[in-house]
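Q: Sending over run11.tsv (TSV, C-alpha atoms and all ligand atoms).
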chain	number	residue	atom	x	y	z
A	1	MET	CA	84.35	97.03	95.09
A	2	GLU	CA	88.04	96.17	94.71
A	3	LEU	CA	89.01	99.27	92.72
A	4	LEU	CA	87.60	101.51	95.43
A	5	LYS	CA	89.27	99.59	98.26
A	6	GLU	CA	92.58	99.84	96.44
A	7	ARG	CA	92.27	103.63	96.23
A	8	ILE	CA	91.38	103.82	99.93
A	9	ARG	CA	94.48	101.73	100.74
A	10	GLN	CA	96.65	103.98	98.58
A	11	GLU	CA	95.23	107.43	99.32
A	12	GLY	CA	93.01	107.19	102.42
A	13	LEU	CA	94.32	109.09	105.42
A	14	VAL	CA	93.15	107.97	108.84
A	15	LEU	CA	92.89	111.18	110.85
A	16	SER	CA	91.69	109.49	114.04
A	17	ASP	CA	90.09	106.19	115.01
A	18	THR	CA	86.82	107.40	113.47
A	19	VAL	CA	87.63	109.84	110.64
A	20	LEU	CA	88.95	108.80	107.24
A	21	LYS	CA	90.05	111.47	104.78
A	22	VAL	CA	89.51	110.52	101.15
A	23	ASP	CA	89.34	113.96	99.64
A	24	SER	CA	91.96	113.36	96.94
A	25	PHE	CA	89.51	111.15	95.00
A	26	LEU	CA	86.05	110.94	96.58
A	27	ASN	CA	84.72	114.04	98.26
A	28	HIS	CA	86.78	117.15	97.56
A	29	GLN	CA	88.70	116.42	94.37
A	30	VAL	CA	86.61	113.74	92.66
A	31	ASP	CA	87.94	111.02	90.35
A	32	THR	CA	85.17	111.23	87.78
A	33	GLN	CA	85.83	107.81	86.24
A	34	LEU	CA	85.75	106.20	89.67
A	35	ALA	CA	82.52	108.07	90.49
A	36	LEU	CA	80.93	106.77	87.27
A	37	ALA	CA	82.09	103.22	88.08
A	38	ILE	CA	80.54	103.60	91.55
A	39	GLY	CA	77.26	104.65	89.94
A	40	ARG	CA	77.31	101.60	87.67
A	41	GLU	CA	77.98	99.35	90.66
A	42	PHE	CA	74.99	100.72	92.60
A	43	ALA	CA	72.84	100.32	89.47
A	44	ARG	CA	73.97	96.68	89.19
A	45	ILE	CA	73.34	95.92	92.89
A	46	PHE	CA	69.84	97.41	92.86
A	47	ALA	CA	68.90	96.16	89.38
A	48	ASP	CA	66.12	94.05	90.96
A	49	LYS	CA	64.29	97.22	92.07
A	50	PRO	CA	62.23	99.49	89.79
A	51	VAL	CA	64.07	102.63	90.91
A	52	THR	CA	62.54	105.89	89.65
A	53	LYS	CA	64.72	108.33	91.56
A	54	VAL	CA	68.03	108.52	93.39
A	55	LEU	CA	68.16	110.62	96.57
A	56	THR	CA	71.20	111.99	98.36
A	57	ILE	CA	72.20	114.86	100.62
A	58	GLU	CA	74.37	117.83	99.74
A	59	ALA	CA	77.23	118.14	99.22
A	60	SER	CA	79.39	115.05	99.05
A	61	GLY	CA	76.72	112.55	98.01
A	62	ILE	CA	75.91	114.48	94.85
A	63	GLN	CA	78.56	113.07	92.49
A	64	PHE	CA	77.59	109.48	93.38
A	65	ALA	CA	73.86	110.10	93.13
A	66	MET	CA	74.38	111.69	89.74
A	67	ALA	CA	76.54	108.77	88.55
A	68	THR	CA	73.91	106.30	89.80
A	69	GLY	CA	71.11	108.28	88.16
A	70	ILE	CA	73.02	108.24	84.87
A	71	ALA	CA	73.58	104.47	85.12
A	72	LEU	CA	69.90	103.85	85.90
A	73	GLY	CA	68.56	106.45	83.46
A	74	VAL	CA	66.58	108.26	86.21
A	75	PRO	CA	66.79	111.69	87.86
A	76	PHE	CA	68.48	112.32	91.17
A	77	VAL	CA	67.41	114.70	93.92
A	78	TYR	CA	69.61	116.06	96.66
A	79	ALA	CA	68.30	117.08	100.04
A	80	LYS	CA	69.32	120.59	101.03
A	81	LYS	CA	70.80	121.25	104.40
A	82	LYS	CA	68.49	124.06	105.40
A	83	LYS	CA	65.39	125.59	104.00
A	84	ALA	CA	66.63	127.92	101.27
A	85	VAL	CA	64.79	131.11	100.38
A	86	THR	CA	64.09	129.59	96.98
A	87	LEU	CA	62.41	126.57	98.59
A	88	SER	CA	59.19	128.43	99.27
A	89	GLU	CA	57.01	125.44	98.43
A	90	ARG	CA	56.08	122.55	100.72
A	91	VAL	CA	59.00	120.44	101.90
A	92	TYR	CA	59.70	117.21	103.75
A	93	SER	CA	62.27	117.86	106.44
A	94	ALA	CA	64.18	115.97	109.11
A	95	PRO	CA	66.73	116.91	111.80
A	96	VAL	CA	70.26	115.52	111.38
A	97	ARG	CA	73.25	115.61	113.70
A	98	SER	CA	76.46	115.97	111.70
A	99	PHE	CA	79.18	113.47	112.58
A	100	THR	CA	82.07	115.46	111.13
A	101	ARG	CA	80.90	118.93	112.21
A	102	GLN	CA	79.25	118.00	115.51
A	103	GLU	CA	76.26	120.27	114.93
A	104	GLU	CA	72.58	119.77	114.25
A	105	TYR	CA	70.87	120.97	111.08
A	106	ARG	CA	67.72	120.21	109.09
A	107	VAL	CA	67.60	118.55	105.69
A	108	CYS	CA	64.73	119.17	103.34
A	109	VAL	CA	63.37	118.11	99.96
A	110	ALA	CA	60.56	119.80	98.03
A	111	GLN	CA	57.46	117.61	98.24
A	112	LYS	CA	56.88	117.83	94.50
A	113	TYR	CA	60.05	115.79	93.86
A	114	LEU	CA	59.16	112.76	96.03
A	115	GLY	CA	55.82	111.00	96.12
A	116	PRO	CA	53.90	107.71	96.31
A	117	SER	CA	54.64	106.85	92.66
A	118	ASP	CA	58.42	106.85	93.33
A	119	ASN	CA	60.76	103.99	94.14
A	120	VAL	CA	63.77	105.65	95.74
A	121	LEU	CA	67.37	104.53	96.01
A	122	ILE	CA	69.30	106.57	98.58
A	123	VAL	CA	73.03	107.01	97.93
A	124	ASP	CA	75.69	108.70	100.07
A	125	ASP	CA	79.47	108.90	100.39
A	126	PHE	CA	79.85	107.69	104.00
A	127	LEU	CA	77.85	105.65	106.46
A	128	ALA	CA	79.07	106.52	109.95
A	129	THR	CA	76.50	107.11	112.71
A	130	GLY	CA	73.72	106.83	110.14
A	131	ALA	CA	72.14	110.13	111.21
A	132	ALA	CA	72.10	111.67	107.72
A	133	LEU	CA	70.73	108.52	106.07
A	134	VAL	CA	68.08	108.00	108.74
A	135	GLY	CA	66.90	111.55	108.01
A	136	LEU	CA	66.61	110.71	104.30
A	137	VAL	CA	64.85	107.39	105.00
A	138	ASP	CA	62.30	109.17	107.20
A	139	MET	CA	61.57	111.72	104.45
A	140	VAL	CA	61.12	108.98	101.82
A	141	ARG	CA	58.68	107.15	104.11
A	142	GLU	CA	56.80	110.35	104.89
A	143	SER	CA	56.41	110.96	101.13
A	144	GLY	CA	54.72	107.58	100.62
A	145	ALA	CA	57.43	106.48	98.13
A	146	GLU	CA	58.84	102.94	98.14
A	147	LEU	CA	62.40	102.69	99.43
A	148	ALA	CA	64.58	100.43	97.26
A	149	GLY	CA	67.45	100.64	99.72
A	150	VAL	CA	70.57	102.56	100.68
A	151	GLY	CA	73.89	102.47	98.82
A	152	CYS	CA	76.98	103.82	100.60
A	153	VAL	CA	80.36	104.30	99.03
A	154	VAL	CA	82.30	103.85	102.28
A	155	GLU	CA	80.88	102.29	105.43
A	156	LYS	CA	82.69	102.47	108.74
A	157	SER	CA	81.23	99.24	110.03
A	158	PHE	CA	82.52	99.81	113.55
A	159	GLN	CA	80.07	102.70	113.91
A	160	GLU	CA	76.37	102.20	114.50
A	161	GLY	CA	74.94	103.44	111.16
A	162	ARG	CA	74.31	100.07	109.48
A	163	SER	CA	72.54	98.52	112.46
A	164	LEU	CA	70.42	101.66	112.91
A	165	LEU	CA	69.27	101.44	109.27
A	166	GLU	CA	68.76	97.68	109.37
A	167	ARG	CA	66.63	98.04	112.51
A	168	LYS	CA	64.42	100.35	110.44
A	169	GLY	CA	64.04	97.55	107.86
A	170	VAL	CA	66.32	99.21	105.29
A	171	ARG	CA	68.43	97.19	102.82
A	172	VAL	CA	71.99	98.55	102.96
A	173	HIS	CA	74.83	97.90	100.48
A	174	SER	CA	78.24	99.49	100.89
A	175	LEU	CA	81.01	99.28	98.33
A	176	ALA	CA	83.84	99.37	100.89
A	177	ARG	CA	83.25	98.32	104.49
A	178	ILE	CA	85.92	99.31	106.97
A	179	ALA	CA	86.08	96.97	109.95
A	180	SER	CA	88.70	98.96	111.82
A	181	MET	CA	91.25	101.67	111.17
A	182	SER	CA	94.12	103.49	112.78
A	183	PRO	CA	96.83	105.63	111.18
A	184	GLY	CA	98.57	103.49	108.54
A	185	ASP	CA	96.27	100.49	109.06
A	186	ILE	CA	92.88	100.15	107.35
A	187	ARG	CA	91.12	96.77	107.56
A	188	PHE	CA	88.17	95.89	105.40
A	189	ALA	CA	85.28	93.58	106.18
A	190	GLU	CA	83.82	91.37	103.50
A	191	ASN	CA	80.89	93.02	101.82
A	192	ASP	CA	77.53	92.32	103.40
A	193	HIS	CA	78.94	89.66	105.72
A	194	PRO	CA	79.08	89.92	109.50
A	195	ILE	CA	81.73	92.33	110.64
A	196	HIS	CA	83.90	89.74	112.48
A	197	ARG	CA	85.06	88.34	109.10
A	198	ILE	CA	88.04	90.58	108.52
A	199	GLU	CA	90.25	90.56	105.44
A	200	GLU	CA	94.01	90.52	105.46
A	201	PRO	CA	95.57	93.69	106.95
A	202	VAL	CA	96.98	96.16	104.38
B	1	LIG	P1	76.60	109.96	109.48
B	1	LIG	O1	75.31	110.71	109.49
B	1	LIG	O2	76.44	108.54	108.99
B	1	LIG	O3	77.26	109.98	110.84
B	1	LIG	O4	77.60	110.68	108.50
B	1	LIG	C1	77.19	111.81	107.79
B	1	LIG	C2	78.19	112.38	106.85
B	1	LIG	O5	79.38	112.69	107.56
B	1	LIG	C3	78.61	111.50	105.70
B	1	LIG	O6	77.71	111.59	104.64
B	1	LIG	C4	79.94	112.13	105.34
B	1	LIG	O7	79.77	113.23	104.49
B	1	LIG	C5	80.48	112.58	106.68
B	1	LIG	N1	81.40	111.59	107.25
B	1	LIG	C6	81.15	110.66	108.20
B	1	LIG	N2	82.25	109.99	108.52
B	1	LIG	C7	83.24	110.46	107.71
B	1	LIG	C8	84.63	110.14	107.55
B	1	LIG	O8	85.21	109.28	108.21
B	1	LIG	N3	85.30	110.85	106.60
B	1	LIG	C9	84.70	111.81	105.84
B	1	LIG	N4	85.46	112.43	104.92
B	1	LIG	N5	83.40	112.14	105.97
B	1	LIG	C10	82.68	111.48	106.89
Show the structure stored in the file as structure tokens.
Ligand code: 5GP

A:
Amino acid sequence: MELLKERIRQEGLVLSDTVLKVDSFLNHQVDTQLALAIGREFARIFADKPVTKVLTIEASGIQFAMATGIALGVPFVYAKKKKAVTLSERVYSAPVRSFTRQEEYRVCVAQKYLGPSDNVLIVDDFLATGAALVGLVDMVRESGAELAGVGCVVEKSFQEGRSLLERKGVRVHSLARIASMSPGDIRFAENDHPIHRIEEPV
């Protein structure tokens, strides 16, 4: 998605070889028009699937899941990061190791919101190690729902997340795939092509 890549070039801050800060427009302050455009793009990409629900994980996937749900005309559900007191009913849950915080937590979704009649599109802001998305995929499969695929806003293709998901038979589409990065130098890979095809440096 060219508009998104342009914003990453302009505003993305590479904090280390593995962490990209995009909190001026994606996941702290949110550019609402860009978020809506991202939702429309995911809806277009997965238009061949009869999606009934969008699933994400709190907190920074929520704006993109909502935008995608609006574009598709379906509800979205966000997995909570630990079992809240209010979640007294039955839940699906999975352990996740956080890439940015380096700690392990559980994610859970109330069973009444995911079931065999659903076709689920999972959406998240970043695909890094894939741990968070694998947790969501496992919950969708446990629920008996169909999995339409996974849509990521930013994929760091040099990390193992995509191959982990693909090995589980999951269709993955990312709107911006970063092949490599270092401070002042972000290089994108072509979408959904092998990672060795690198675009011009910025
Ligand atoms: P994963 O489970 O794929 O390793 O990443 C889980 C979460 O960590 C993502 O949903 C995202 O919120 C956060 N994350 C991973 N890598 C980055 C990064 O480079 N920058 C930011 N801002 N968040 C990241």

Q: Place a sphere of radius 6 Å on (67.0, 105.0, 94.5) in the file coordinates and name every protein, DNA or RNA residue with an atom inside or on its surface, counting all atoms listed in the file; give the answer as an mmCIF file with C-alpha atoms, in the frame of the given file.

A:
data_model
loop_
_atom_site.group_PDB
_atom_site.id
_atom_site.type_symbol
_atom_site.label_atom_id
_atom_site.label_comp_id
_atom_site.auth_asym_id
_atom_site.auth_seq_id
_atom_site.Cartn_x
_atom_site.Cartn_y
_atom_site.Cartn_z
ATOM 1 C CA VAL A 51 64.070 102.630 90.910
ATOM 2 C CA LYS A 53 64.720 108.330 91.560
ATOM 3 C CA VAL A 54 68.030 108.520 93.390
ATOM 4 C CA VAL A 120 63.770 105.650 95.740
ATOM 5 C CA LEU A 121 67.370 104.530 96.010
ATOM 6 C CA ILE A 122 69.300 106.570 98.580
ATOM 7 C CA ALA A 148 64.580 100.430 97.260
#

Q: The centre and edge lengths of an axis-aligned box containing all atoms of range 57-65 of chain A present in the file, extended by 6 Å on each side, are to be given in Å to one decimal, as AutoDock Vina command-line options.

A:
--center_x 75.8 --center_y 113.8 --center_z 96.6 --size_x 19.2 --size_y 20.7 --size_z 20.1

Q: Would you kindly identify which residues have an atom no farther than 12 Å from (64.6, 99.2, 107.7), using only C-alpha atoms and the file's own coordinates, and write them out as an NGL selection string?

A: :A and (133-134 or 137-138 or 140-141 or 146-150 or 161-172)

Q: Please measure the separation of CA of Leu55 in chain A and atom O3 of ligand LIG 1 (chain B), giving the value in Å to one decimal.

A: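 Separation of CA of Leu55 in chain A and atom O3 of ligand LIG 1 (chain B): 16.9 Å.
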
Q: For CA of Phe25 in chain A and CA of Ile70 in chain A, quote the distance in Å rounded to one decimal.

A: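 Computing the Euclidean distance for CA of Phe25 in chain A and CA of Ile70 in chain A yields 19.6 Å.
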
Q: Using Å and a single decimal, report how far CA of Gly135 in chain A sits from atom C3 of ligand LIG 1 (chain B).

A: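 Going from atom C3 of ligand LIG 1 (chain B) over to CA of Gly135 in chain A, I get 11.9 Å.
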
Q: Complete the atoms of range 97-111 of chain A to N, CA, C and O atoms and put them out as a PDB file, in the coordinates of the input.

A:
ATOM      1  N   ARG A  97      72.060 115.170 112.960  1.00  0.00           N
ATOM      2  CA  ARG A  97      73.250 115.610 113.700  1.00  0.00           C
ATOM      3  C   ARG A  97      74.478 115.232 112.895  1.00  0.00           C
ATOM      4  O   ARG A  97      74.683 114.075 112.560  1.00  0.00           O
ATOM      5  N   SER A  98      75.293 116.219 112.539  1.00  0.00           N
ATOM      6  CA  SER A  98      76.460 115.970 111.700  1.00  0.00           C
ATOM      7  C   SER A  98      77.579 115.300 112.486  1.00  0.00           C
ATOM      8  O   SER A  98      77.967 115.786 113.554  1.00  0.00           O
ATOM      9  N   PHE A  99      78.084 114.187 111.920  1.00  0.00           N
ATOM     10  CA  PHE A  99      79.180 113.470 112.580  1.00  0.00           C
ATOM     11  C   PHE A  99      80.478 114.259 112.492  1.00  0.00           C
ATOM     12  O   PHE A  99      81.206 114.400 113.475  1.00  0.00           O
ATOM     13  N   THR A 100      80.772 114.804 111.301  1.00  0.00           N
ATOM     14  CA  THR A 100      82.070 115.460 111.130  1.00  0.00           C
ATOM     15  C   THR A 100      82.079 116.875 111.739  1.00  0.00           C
ATOM     16  O   THR A 100      83.095 117.347 112.201  1.00  0.00           O
ATOM     17  N   ARG A 101      80.905 117.538 111.718  1.00  0.00           N
ATOM     18  CA  ARG A 101      80.900 118.930 112.210  1.00  0.00           C
ATOM     19  C   ARG A 101      80.355 119.071 113.620  1.00  0.00           C
ATOM     20  O   ARG A 101      80.393 120.153 114.201  1.00  0.00           O
ATOM     21  N   GLN A 102      79.792 117.974 114.146  1.00  0.00           N
ATOM     22  CA  GLN A 102      79.250 118.000 115.510  1.00  0.00           C
ATOM     23  C   GLN A 102      78.247 119.128 115.717  1.00  0.00           C
ATOM     24  O   GLN A 102      78.324 119.876 116.692  1.00  0.00           O
ATOM     25  N   GLU A 103      77.322 119.273 114.768  1.00  0.00           N
ATOM     26  CA  GLU A 103      76.260 120.270 114.930  1.00  0.00           C
ATOM     27  C   GLU A 103      74.977 119.711 114.348  1.00  0.00           C
ATOM     28  O   GLU A 103      75.008 118.772 113.553  1.00  0.00           O
ATOM     29  N   GLU A 104      73.853 120.280 114.757  1.00  0.00           N
ATOM     30  CA  GLU A 104      72.580 119.770 114.250  1.00  0.00           C
ATOM     31  C   GLU A 104      72.036 120.719 113.186  1.00  0.00           C
ATOM     32  O   GLU A 104      72.169 121.936 113.297  1.00  0.00           O
ATOM     33  N   TYR A 105      71.476 120.154 112.131  1.00  0.00           N
ATOM     34  CA  TYR A 105      70.870 120.970 111.080  1.00  0.00           C
ATOM     35  C   TYR A 105      69.651 120.237 110.559  1.00  0.00           C
ATOM     36  O   TYR A 105      69.395 119.088 110.938  1.00  0.00           O
ATOM     37  N   ARG A 106      68.867 120.885 109.701  1.00  0.00           N
ATOM     38  CA  ARG A 106      67.720 120.210 109.090  1.00  0.00           C
ATOM     39  C   ARG A 106      68.024 119.933 107.636  1.00  0.00           C
ATOM     40  O   ARG A 106      68.707 120.706 106.975  1.00  0.00           O
ATOM     41  N   VAL A 107      67.510 118.815 107.129  1.00  0.00           N
ATOM     42  CA  VAL A 107      67.600 118.550 105.690  1.00  0.00           C
ATOM     43  C   VAL A 107      66.194 118.632 105.133  1.00  0.00           C
ATOM     44  O   VAL A 107      65.231 118.289 105.822  1.00  0.00           O
ATOM     45  N   CYS A 108      66.075 119.109 103.912  1.00  0.00           N
ATOM     46  CA  CYS A 108      64.730 119.170 103.340  1.00  0.00           C
ATOM     47  C   CYS A 108      64.737 118.915 101.832  1.00  0.00           C
ATOM     48  O   CYS A 108      65.738 119.134 101.137  1.00  0.00           O
ATOM     49  N   VAL A 109      63.586 118.412 101.377  1.00  0.00           N
ATOM     50  CA  VAL A 109      63.370 118.110  99.960  1.00  0.00           C
ATOM     51  C   VAL A 109      61.982 118.645  99.596  1.00  0.00           C
ATOM     52  O   VAL A 109      61.020 118.422 100.356  1.00  0.00           O
ATOM     53  N   ALA A 110      61.875 119.310  98.462  1.00  0.00           N
ATOM     54  CA  ALA A 110      60.560 119.800  98.030  1.00  0.00           C
ATOM     55  C   ALA A 110      59.620 118.622  97.801  1.00  0.00           C
ATOM     56  O   ALA A 110      59.996 117.626  97.177  1.00  0.00           O
ATOM     57  N   GLN A 111      58.407 118.741  98.316  1.00  0.00           N
ATOM     58  CA  GLN A 111      57.460 117.610  98.240  1.00  0.00           C
ATOM     59  C   GLN A 111      57.148 117.216  96.817  1.00  0.00           C
ATOM     60  O   GLN A 111      56.852 116.061  96.537  1.00  0.00           O
TER      61      GLN A 111
END
